[in-house]
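S.K.: Okay, so here is data-v7.tsv, and as you'll see once you scroll down, it has TSV, C-alpha atoms.
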```tsv
chain	number	residue	atom	x	y	z
A	238	MET	CA	0.00	0.00	0.00
A	239	SER	CA	2.63	2.51	1.12
A	240	SER	CA	4.87	1.54	-1.75
A	241	LEU	CA	1.96	2.27	-4.10
A	242	LYS	CA	1.59	5.72	-2.51
A	243	ILE	CA	5.28	6.41	-2.90
A	244	GLY	CA	4.99	5.23	-6.47
A	245	ILE	CA	2.13	7.66	-7.14
A	246	VAL	CA	4.01	10.53	-5.53
A	247	LEU	CA	7.12	9.76	-7.57
A	248	LEU	CA	5.07	9.51	-10.74
A	249	CYS	CA	3.49	12.89	-10.01
A	250	LEU	CA	6.92	14.39	-9.37
A	251	PHE	CA	8.26	13.13	-12.66
A	252	VAL	CA	5.25	14.18	-14.65
A	253	PHE	CA	4.43	17.54	-13.13
A	254	ALA	CA	7.77	18.86	-11.85
A	255	PRO	CA	9.06	19.79	-15.33
A	256	LEU	CA	5.96	21.92	-15.81
A	257	ALA	CA	7.29	24.22	-13.08
A	258	PHE	CA	10.16	25.09	-15.44
A	259	ALA	CA	7.92	25.68	-18.41
A	260	LYS	CA	8.31	29.17	-19.84
A	261	GLU	CA	5.58	31.64	-20.37
A	262	ALA	CA	4.19	31.05	-23.82
A	263	GLU	CA	5.57	33.49	-26.37
A	264	TYR	CA	3.23	35.63	-28.33
A	265	MET	CA	2.43	33.82	-31.57
A	266	ALA	CA	0.33	34.45	-34.61
A	267	ALA	CA	-3.01	32.65	-34.45
A	268	ASP	CA	-2.48	30.90	-37.74
A	269	PRO	CA	0.46	28.42	-37.76
A	270	GLU	CA	0.96	29.07	-41.47
A	271	MET	CA	1.34	32.76	-40.70
A	272	GLU	CA	3.78	32.02	-37.86
A	273	LYS	CA	5.84	30.07	-40.36
A	274	THR	CA	6.03	33.11	-42.61
A	275	VAL	CA	6.97	35.26	-39.61
A	276	ASN	CA	9.83	32.90	-38.80
A	277	GLU	CA	10.99	32.83	-42.40
A	278	ILE	CA	11.17	36.61	-42.53
A	279	SER	CA	12.78	36.79	-39.10
A	280	ALA	CA	15.52	34.46	-40.29
A	281	GLU	CA	16.42	37.07	-42.95
A	282	LEU	CA	16.83	39.90	-40.44
A	283	ARG	CA	19.87	40.58	-38.32
A	284	CYS	CA	19.54	41.24	-34.62
A	285	LEU	CA	21.19	44.63	-34.13
A	286	VAL	CA	22.34	44.11	-30.57
A	287	CYS	CA	23.66	40.56	-31.02
A	288	GLN	CA	25.04	40.97	-34.47
A	289	ASN	CA	25.81	37.43	-35.47
A	290	GLN	CA	22.30	36.18	-34.89
A	291	THR	CA	19.09	36.60	-36.78
A	292	ILE	CA	16.11	37.96	-34.91
A	293	ALA	CA	14.57	34.50	-35.25
A	294	ASP	CA	17.43	33.01	-33.21
A	295	SER	CA	17.80	35.77	-30.69
A	296	SER	CA	15.85	36.39	-27.52
A	297	ALA	CA	17.26	39.88	-26.95
A	298	PRO	CA	14.46	42.35	-26.14
A	299	LEU	CA	14.99	44.29	-29.37
A	300	ALA	CA	14.89	41.07	-31.41
A	301	VAL	CA	11.62	40.09	-29.75
A	302	ASP	CA	10.19	43.55	-30.49
A	303	LEU	CA	11.27	43.35	-34.11
A	304	LYS	CA	9.77	39.89	-34.43
A	305	ASN	CA	6.51	41.21	-33.01
A	306	GLN	CA	6.67	44.03	-35.53
A	307	VAL	CA	7.17	41.49	-38.33
A	308	ARG	CA	4.23	39.48	-37.00
A	309	ASP	CA	1.98	42.54	-36.90
A	310	MET	CA	2.94	43.38	-40.46
A	311	VAL	CA	2.36	39.82	-41.67
A	312	GLU	CA	-1.03	39.81	-39.98
A	313	SER	CA	-1.94	43.06	-41.68
A	314	GLY	CA	-1.25	41.33	-44.98
A	315	GLN	CA	2.09	42.83	-46.02
A	316	SER	CA	4.44	40.83	-48.19
A	317	GLN	CA	7.93	39.66	-47.28
A	318	SER	CA	9.59	42.26	-49.48
A	319	ASP	CA	7.43	45.03	-47.95
A	320	ILE	CA	8.54	44.01	-44.48
A	321	ILE	CA	12.21	43.71	-45.36
A	322	ASP	CA	12.05	47.10	-47.11
A	323	TYR	CA	10.51	48.58	-43.97
A	324	MET	CA	13.37	47.25	-41.85
A	325	VAL	CA	16.07	48.31	-44.34
A	326	GLU	CA	14.55	51.79	-44.42
A	327	ARG	CA	15.02	52.02	-40.66
A	328	TYR	CA	18.16	50.06	-39.93
A	329	GLY	CA	19.96	50.08	-43.27
A	330	ASP	CA	21.21	47.15	-45.36
A	331	PHE	CA	22.98	45.96	-42.26
A	332	VAL	CA	19.71	44.54	-40.96
A	333	ARG	CA	19.63	42.02	-43.78
A	334	TYR	CA	21.31	38.82	-42.78
A	335	ARG	CA	22.28	38.18	-46.37
A	336	PRO	CA	23.65	41.44	-47.71
A	337	PRO	CA	22.31	42.44	-51.13
A	338	MET	CA	24.60	42.52	-54.16
A	339	LYS	CA	25.50	46.20	-54.66
A	340	ALA	CA	28.49	48.26	-55.70
A	341	SER	CA	29.40	48.76	-52.04
A	342	THR	CA	29.12	45.07	-51.17
A	343	LEU	CA	30.69	43.73	-54.34
A	344	LEU	CA	34.05	43.05	-52.68
A	345	LEU	CA	32.26	41.12	-49.96
A	346	TRP	CA	30.66	38.82	-52.50
A	347	VAL	CA	33.48	38.54	-55.01
A	348	GLY	CA	36.42	38.79	-52.59
A	349	PRO	CA	36.66	35.11	-51.59
A	350	PHE	CA	36.52	33.97	-55.22
A	351	LEU	CA	39.10	36.58	-56.14
A	352	LEU	CA	41.45	35.26	-53.44
A	353	LEU	CA	40.85	31.71	-54.64
A	354	LEU	CA	41.69	32.74	-58.19
A	355	ILE	CA	44.91	34.45	-57.06
A	356	GLY	CA	45.82	31.30	-55.12
A	357	VAL	CA	45.25	29.09	-58.16
A	358	VAL	CA	47.32	31.38	-60.38
A	359	VAL	CA	50.21	31.39	-57.90
A	360	LEU	CA	50.01	27.60	-57.61
A	361	VAL	CA	49.99	27.03	-61.38
A	362	VAL	CA	52.89	29.42	-61.94
A	363	ASN	CA	54.96	27.75	-59.24
A	364	LEU	CA	54.18	24.25	-60.51
A	365	ARG	CA	55.20	25.25	-64.04
A	366	LYS	CA	58.45	26.69	-62.76
A	367	ARG	CA	59.19	23.52	-60.89
A	368	THR	CA	58.54	21.19	-63.82
A	369	ALA	CA	60.77	23.43	-65.94
A	370	VAL	CA	63.58	23.02	-63.38
A	371	ILE	CA	63.10	19.25	-63.26
A	372	LYS	CA	63.20	18.99	-67.05
A	373	ASN	CA	66.40	21.02	-67.25
A	374	ASP	CA	68.01	18.75	-64.70
A	375	GLY	CA	67.79	15.90	-67.17
A	376	ASP	CA	70.36	17.40	-69.51
A	377	LEU	CA	73.72	18.10	-67.91
A	378	SER	CA	76.05	20.60	-69.40
A	379	VAL	CA	79.46	19.42	-70.62
A	380	GLU	CA	81.17	20.79	-67.50
A	381	GLU	CA	78.64	19.17	-65.22
A	382	ASN	CA	79.08	15.89	-67.02
A	383	GLU	CA	82.81	16.03	-66.60
A	384	ARG	CA	82.46	16.72	-62.92
A	385	LEU	CA	80.01	13.90	-62.55
A	386	GLN	CA	82.44	11.50	-64.18
A	387	ARG	CA	85.22	12.68	-61.89
A	388	LEU	CA	83.06	12.21	-58.80
A	389	LEU	CA	81.98	8.78	-59.94
A	390	ALA	CA	85.61	7.81	-60.56
A	391	ALA	CA	86.57	9.13	-57.14
A	392	GLU	CA	83.85	7.00	-55.56
A	393	SER	CA	85.45	3.80	-56.91
A	394	SER	CA	88.96	4.34	-55.34
A	395	PRO	CA	89.42	5.96	-51.92
A	396	GLN	CA	92.74	7.59	-52.92
A	397	ALA	CA	91.17	9.16	-55.89
A	398	ALA	CA	88.36	10.27	-53.62
A	399	LYS	CA	90.79	12.47	-51.69
A	400	HIS	CA	92.08	13.86	-54.90
A	401	GLY	CA	88.57	14.40	-56.13
A	402	ASN	CA	87.64	16.25	-52.97
A	403	LEU	CA	90.69	18.41	-53.24
A	404	SER	CA	90.01	19.23	-56.83
A	405	SER	CA	86.42	20.13	-56.05
A	406	GLN	CA	87.65	22.36	-53.24
A	407	LYS	CA	90.04	23.98	-55.63
A	408	ALA	CA	87.25	24.47	-58.08
A	409	GLY	CA	85.27	26.15	-55.30
A	410	GLU	CA	88.17	28.47	-54.50
A	411	GLU	CA	88.65	29.37	-58.10
A	412	LYS	CA	85.05	30.28	-58.39
A	413	SER	CA	85.09	32.52	-55.37
B	107	MET	CA	64.53	40.45	-53.45
B	108	LEU	CA	60.98	39.98	-54.73
B	109	ARG	CA	60.86	36.85	-52.65
B	110	TYR	CA	61.02	38.89	-49.46
B	111	LEU	CA	59.17	41.90	-50.77
B	112	VAL	CA	55.95	40.10	-51.64
B	113	PRO	CA	55.31	38.63	-48.16
B	114	LEU	CA	56.24	41.98	-46.64
B	115	ILE	CA	53.70	43.79	-48.79
B	116	VAL	CA	51.02	41.20	-48.02
B	117	PHE	CA	51.81	41.49	-44.32
B	118	LEU	CA	51.62	45.28	-44.40
B	119	GLY	CA	48.30	45.09	-46.24
B	120	VAL	CA	46.77	42.74	-43.66
B	121	ALA	CA	48.23	44.77	-40.80
B	122	GLY	CA	46.76	47.93	-42.33
B	123	PHE	CA	43.27	46.40	-42.46
B	124	LEU	CA	43.55	45.14	-38.89
B	125	LEU	CA	44.78	48.52	-37.66
B	126	LYS	CA	41.83	50.25	-39.32
B	127	GLY	CA	39.54	47.64	-37.78
B	128	LEU	CA	40.65	48.69	-34.31
B	129	GLU	CA	39.18	52.14	-34.88
B	130	LEU	CA	35.86	51.03	-36.32
B	131	ASN	CA	32.95	50.33	-34.04
B	132	PRO	CA	30.97	47.33	-35.29
B	133	ARG	CA	28.17	48.16	-32.86
B	134	GLU	CA	27.53	51.45	-34.55
B	135	VAL	CA	24.97	51.03	-37.29
B	136	PRO	CA	24.73	54.21	-39.36
B	137	SER	CA	21.18	55.44	-39.57
B	138	PRO	CA	19.72	55.37	-43.07
B	139	PHE	CA	17.27	57.96	-41.76
B	140	ILE	CA	19.58	60.95	-42.06
B	141	ASP	CA	18.01	63.50	-44.42
B	142	LYS	CA	14.74	61.54	-44.49
B	143	PRO	CA	11.44	62.67	-42.96
B	144	ALA	CA	11.03	61.71	-39.32
B	145	PRO	CA	8.21	59.17	-38.95
B	146	ASN	CA	5.04	60.72	-37.60
B	147	PHE	CA	3.79	59.57	-34.25
B	148	SER	CA	1.35	60.53	-31.57
B	149	LEU	CA	2.03	59.45	-27.99
B	150	PRO	CA	0.73	60.27	-24.49
B	151	LYS	CA	2.85	62.60	-22.39
B	152	LEU	CA	4.55	61.18	-19.33
B	153	HIS	CA	3.34	63.87	-16.94
B	154	GLU	CA	-0.15	64.24	-18.40
B	155	PRO	CA	-1.06	60.88	-19.95
B	156	GLU	CA	-4.43	62.18	-21.18
B	157	ALA	CA	-2.68	64.68	-23.45
B	158	GLN	CA	-1.21	63.46	-26.70
B	159	PHE	CA	1.92	64.78	-28.32
B	160	ALA	CA	1.93	64.69	-32.11
B	161	SER	CA	5.27	64.97	-33.89
B	162	LYS	CA	3.51	67.01	-36.59
B	163	ASP	CA	3.01	69.83	-34.10
B	164	MET	CA	6.75	70.39	-34.14
B	165	LEU	CA	6.83	71.44	-37.80
B	166	GLY	CA	8.45	74.84	-38.10
B	167	LYS	CA	10.80	74.25	-35.20
B	168	VAL	CA	14.19	72.66	-34.87
B	169	TRP	CA	14.02	70.14	-32.03
B	170	LEU	CA	15.85	67.24	-30.43
B	171	LEU	CA	14.28	63.88	-29.75
B	172	ASN	CA	16.22	62.05	-27.05
B	173	VAL	CA	15.43	58.38	-26.56
B	174	TRP	CA	15.87	57.44	-22.93
B	175	ALA	CA	14.76	55.03	-20.22
B	176	SER	CA	15.19	54.81	-16.46
B	177	TRP	CA	16.78	51.38	-16.85
B	178	CYS	CA	19.44	52.75	-19.18
B	179	VAL	CA	22.77	53.35	-17.49
B	180	ALA	CA	24.30	55.44	-20.27
B	181	CYS	CA	21.30	57.80	-20.14
B	182	ARG	CA	22.24	58.63	-16.57
B	183	SER	CA	25.68	59.76	-17.69
B	184	GLU	CA	24.45	62.01	-20.48
B	185	HIS	CA	21.52	63.48	-18.58
B	186	PRO	CA	23.32	66.31	-16.71
B	187	LEU	CA	24.49	67.63	-20.07
B	188	LEU	CA	20.93	67.59	-21.43
B	189	VAL	CA	19.66	69.39	-18.33
B	190	GLN	CA	22.34	72.02	-18.88
B	191	LEU	CA	21.37	72.32	-22.53
B	192	SER	CA	17.68	72.71	-21.71
B	193	ARG	CA	18.49	75.53	-19.25
B	194	ALA	CA	20.34	77.34	-22.01
B	195	ASN	CA	17.06	77.49	-23.97
B	196	ILE	CA	18.68	76.98	-27.32
B	197	VAL	CA	16.61	74.13	-28.65
B	198	PRO	CA	13.62	72.24	-27.25
B	199	ILE	CA	14.41	68.67	-26.18
B	200	TYR	CA	11.66	66.08	-26.18
B	201	GLY	CA	12.17	62.74	-24.52
B	202	LEU	CA	11.02	59.43	-25.92
B	203	ASN	CA	10.64	57.31	-22.83
B	204	TYR	CA	11.44	53.97	-24.40
B	205	LYS	CA	10.03	50.73	-22.96
B	206	ASP	CA	9.88	52.04	-19.44
B	207	GLU	CA	7.49	52.02	-16.49
B	208	PRO	CA	6.00	55.53	-16.23
B	209	ASP	CA	6.44	55.58	-12.44
B	210	ASP	CA	10.11	54.64	-12.68
B	211	ALA	CA	10.57	57.25	-15.37
B	212	LYS	CA	9.00	60.00	-13.24
B	213	ASN	CA	11.17	59.09	-10.25
B	214	TRP	CA	14.24	59.13	-12.42
B	215	LEU	CA	13.47	62.62	-13.71
B	216	GLN	CA	12.79	63.84	-10.19
B	217	GLN	CA	16.19	62.57	-9.09
B	218	LEU	CA	18.28	63.77	-12.01
B	219	GLY	CA	16.33	66.78	-13.21
B	220	ASP	CA	13.97	67.04	-16.16
B	221	ALA	CA	15.66	68.16	-19.34
B	222	TYR	CA	12.58	67.67	-21.48
B	223	VAL	CA	9.81	69.97	-22.61
B	224	SER	CA	7.87	66.77	-22.25
B	225	SER	CA	8.56	63.08	-22.29
B	226	LEU	CA	6.43	60.78	-24.40
B	227	ILE	CA	5.53	57.28	-23.35
B	228	ASP	CA	6.64	54.66	-25.85
B	229	TYR	CA	5.68	51.77	-23.61
B	230	ASP	CA	5.95	48.94	-26.14
B	231	GLY	CA	8.80	50.48	-28.13
B	232	LYS	CA	6.85	50.73	-31.40
B	233	VAL	CA	7.80	54.32	-32.09
B	234	GLY	CA	11.37	53.39	-31.25
B	235	ILE	CA	11.31	50.72	-33.95
B	236	ASP	CA	9.76	53.21	-36.35
B	237	TYR	CA	12.74	55.49	-35.72
B	238	GLY	CA	15.23	52.64	-36.12
B	239	VAL	CA	16.28	52.80	-32.48
B	240	TYR	CA	18.43	49.83	-31.52
B	241	GLY	CA	19.80	50.99	-28.21
B	242	VAL	CA	19.36	53.80	-25.74
B	243	PRO	CA	20.26	56.58	-25.58
B	244	GLU	CA	19.93	57.93	-29.07
B	245	THR	CA	19.32	61.55	-29.99
B	246	PHE	CA	17.77	62.80	-33.20
B	247	VAL	CA	18.17	66.32	-34.55
B	248	ILE	CA	15.02	67.20	-36.51
B	249	ASP	CA	14.69	70.32	-38.63
B	250	LYS	CA	11.80	72.72	-39.32
B	251	GLN	CA	10.48	70.58	-42.17
B	252	GLY	CA	10.42	67.53	-39.92
B	253	ILE	CA	13.48	65.95	-41.52
B	254	ILE	CA	16.02	64.05	-39.46
B	255	ARG	CA	19.37	65.77	-39.93
B	256	HIS	CA	21.51	63.91	-37.46
B	257	LYS	CA	21.43	61.07	-34.98
B	258	VAL	CA	23.75	60.70	-32.02
B	259	ILE	CA	24.14	57.04	-31.12
B	260	GLY	CA	24.93	56.51	-27.46
B	261	PRO	CA	25.31	59.24	-24.85
B	262	VAL	CA	25.74	62.80	-26.09
B	263	THR	CA	29.24	63.88	-25.07
B	264	PRO	CA	30.27	67.50	-24.44
B	265	SER	CA	32.48	67.42	-27.54
B	266	ALA	CA	29.70	65.96	-29.75
B	267	LEU	CA	27.39	68.67	-28.44
B	268	ASP	CA	29.82	71.55	-29.00
B	269	ASN	CA	31.30	70.39	-32.29
B	270	CYS	CA	28.29	68.90	-34.00
B	271	VAL	CA	24.85	69.15	-32.41
B	272	LEU	CA	24.88	72.83	-31.44
B	273	PRO	CA	26.50	74.18	-34.63
B	274	LEU	CA	24.08	72.06	-36.67
B	275	VAL	CA	21.09	73.27	-34.65
B	276	ARG	CA	22.13	76.90	-35.17
B	277	LYS	CA	22.47	76.40	-38.91
B	278	LEU	CA	19.12	74.65	-39.07
B	279	GLN	CA	17.46	77.42	-37.09
B	280	GLN	CA	18.79	80.03	-39.49
B	281	ALA	CA	17.72	78.04	-42.53
B	282	THR	CA	14.56	78.98	-44.40
B	283	ALA	CA	12.23	76.63	-46.23
B	284	GLN	CA	14.23	77.15	-49.40
B	285	THR	CA	17.68	76.41	-47.97
B	286	VAL	CA	18.63	72.86	-47.20
B	287	VAL	CA	21.17	72.37	-44.43
B	288	LYS	CA	22.79	68.96	-44.17
B	289	ARG	CA	24.99	67.69	-41.40
B	290	THR	CA	27.88	67.37	-43.83
B	291	GLU	CA	28.15	71.16	-43.61
B	292	VAL	CA	29.17	70.87	-39.99
B	293	GLU	CA	32.70	69.60	-39.67
B	294	GLY	CA	32.21	68.01	-36.25
B	295	CYS	CA	29.35	65.81	-37.48
B	296	VAL	CA	31.29	63.82	-40.05
```
Please, can you express the file's structure as C-alpha cells?
M.R.:
Amino acid sequence: MSSLKIGIVLLCLFVFAPLAFAKEAEYMAADPEMEKTVNEISAELRCLVCQNQTIADSSAPLAVDLKNQVRDMVESGQSQSDIIDYMVERYGDFVRYRPPMKASTLLLWVGPFLLLLIGVVVLVVNLRKRTAVIKNDGDLSVEENERLQRLLAAESSPQAAKHGNLSSQKAGEEKS
Amino acid sequence: MLRYLVPLIVFLGVAGFLLKGLELNPREVPSPFIDKPAPNFSLPKLHEPEAQFASKDMLGKVWLLNVWASWCVACRSEHPLLVQLSRANIVPIYGLNYKDEPDDAKNWLQQLGDAYVSSLIDYDGKVGIDYGVYGVPETFVIDKQGIIRHKVIGPVTPSALDNCVLPLVRKLQQATAQTVVKRTEVEGCV
C-alpha cells in the first residue's frame, strides 16, 4: 500500500515537476501558417544588438520587439519584401542577414573567389616553374658531365676520392 | 629580393586592415534615416497621460528627440548635459521614454532633473522601432520641415554637443524653407 503511494508521488513528481520550469508562452500568430512566414522573414533579419544572430534566433528584447513588428505586419497582410524594405529603411542594409549585391558590397561577395583565383594562379605558376627546373636537370652541361664522371671515378677508389675532394675544393676556391 | 618583398607587402596590407579595424565600431549602425522625414507619431505625455503629443506639431521648429529610459545606465551619464542644454534654452528637447514604467521614469526625472519639454511614453517600443532605435540613448536632430538631420548614437558627449549638435542646430534654425542644411556642412558631425 505505502509503496503504491510512494509510487504515485514519484510519478506525479516526474510528470508535473518539469511543468514548473515551463516558460511563459511566447506571443504567436493565431495561424500556424502565418507564424511560419513570420519565422521565415525573421531568419532574414539581423539582430542589431547581437550581431551574429538573426532575430529569429535571438531572444534579446529588441529582437523580440522586431519579431513582433514582423508578426503585426504579416497579420496586416504585407508581403515579405514590404517588411524587409521597412526594416532596411530604418536600420539600413545591415539589418539584412544576407547582404544584397551592390556596388558597395561587391568586394564582400566577389572577394573570396578573387582570393581563390589568385591562389590558383600562384600555384599554377609555381608548378610550371618547378617542372621546368626538373626537365632542365635531365640534360647536364658538358662541364657538369665532366664533374660527374670525376666524382663517380673518385667514388670507386678511396685515394682518388681524396684527390677528387681536393680538386672540387680547388674548383670552389677558383670560383670565389 | 621579390621573394622577401611580396610577403612583406602582403603582411603590411593585412596589418593595415587590422589597424583600421581597431578604430571602427561594429556596434555602430549608421542610420539610413539621415536627411529623411522623421516618422510621424502621436504618444501620451509622461506627466499628463491624457494629453497626446503629435510629432507634426513640431513642424516649423528645430528640435531634439532624445530616446531614454530609467533602466538605461548610459542615459544617466548624459543626462546632466541635457539638463544644462535645456536651461540654455537653445533648442527644445523632447524625450522618448522607451520601454519604461512611467512611475520609474518620473522618479528618475525627479532625481536627475527634467531636461525635457515633455517626455512621451513609448511603452511597447513601437515608435522606437519606427525610428530605427536599436539601443538607448539615441538623440535625433530634426529640422523645421520635420526631416532628421543627425542622430547621435549613445550618450551625447560635451564634444559631440559643442562640435556637432549645437552648430548644426544653429544652422538649421537660421535656414529657411528654401535652404537645405545637411549635417555634412558641420565639420564636427562627419
S.K.: Just give me the gap between CA of Gln306 (chain A) and CA of Gly252 (chain B) in Å, one decimal is fine.
M.R.: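 Taking CA of Gln306 (chain A) and CA of Gly252 (chain B), their separation equals 24.2 Å.
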S.K.: Between B:Phe147, B:Phe117, B:Tyr200, B:Phe139, which one has atoms that come closest to chain A, using all atoms listed in the file?
M.R.: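 Distance minimum relative to chain A lands on B:Phe139.
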S.K.: Residues near Ala300 (chain A), anyone? I mean within 7 Å using all atoms listed in the file, not counting same-chain ones fewer than 5 positions away, as a PyMOL selection string.
M.R.: chain A and resi 284+292+295
S.K.: Any chance you could tabulate, as a Markdown table, the residues of chain B at most 9 Å from chain A with each one's nearest atom pair and distance in Å to one decimal, using only C-alpha atoms, in chain and rising number order?
M.R.:
```
| residue | atom | partner | partner_atom | distance |
| --- | --- | --- | --- | --- |
| B:Pro132 | CA | A:Gln288 | CA | 8.7 |
| B:Arg133 | CA | A:Val286 | CA | 7.5 |
| B:Val135 | CA | A:Tyr328 | CA | 7.4 |
| B:Pro136 | CA | A:Gly329 | CA | 7.4 |
| B:Ser137 | CA | A:Tyr328 | CA | 6.2 |
| B:Pro138 | CA | A:Gly329 | CA | 5.3 |
| B:Phe139 | CA | A:Arg327 | CA | 6.4 |
| B:Asp230 | CA | A:Asp302 | CA | 8.1 |
| B:Gly231 | CA | A:Asp302 | CA | 7.5 |
| B:Lys232 | CA | A:Gln306 | CA | 7.9 |
| B:Ile235 | CA | A:Leu303 | CA | 7.4 |
| B:Asp236 | CA | A:Arg327 | CA | 6.9 |
| B:Tyr237 | CA | A:Arg327 | CA | 6.5 |
| B:Gly238 | CA | A:Arg327 | CA | 4.6 |
| B:Val239 | CA | A:Tyr328 | CA | 8.2 |
| B:Tyr240 | CA | A:Leu285 | CA | 6.4 |
| B:Gly241 | CA | A:Val286 | CA | 7.7 |
```
S.K.: Separation of CA of Val242 (chain B) and CA of Val275 (chain B), in Å?
M.R.: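 Between CA of Val242 (chain B) and CA of Val275 (chain B) the gap works out to 21.5 Å.
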S.K.: How many Å separate CA of Gly294 (chain B) from CA of Ile254 (chain B)?
M.R.: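 So the answer is 17.0 Å.
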S.K.: For Asp163 (chain B), which of B:Arg289, B:Lys250, B:Leu111, B:Asn269 is the closest residue, counting only C-alpha atoms?
M.R.: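 Residue with the minimum atom-to-atom distance to Asp163 (chain B): B:Lys250.
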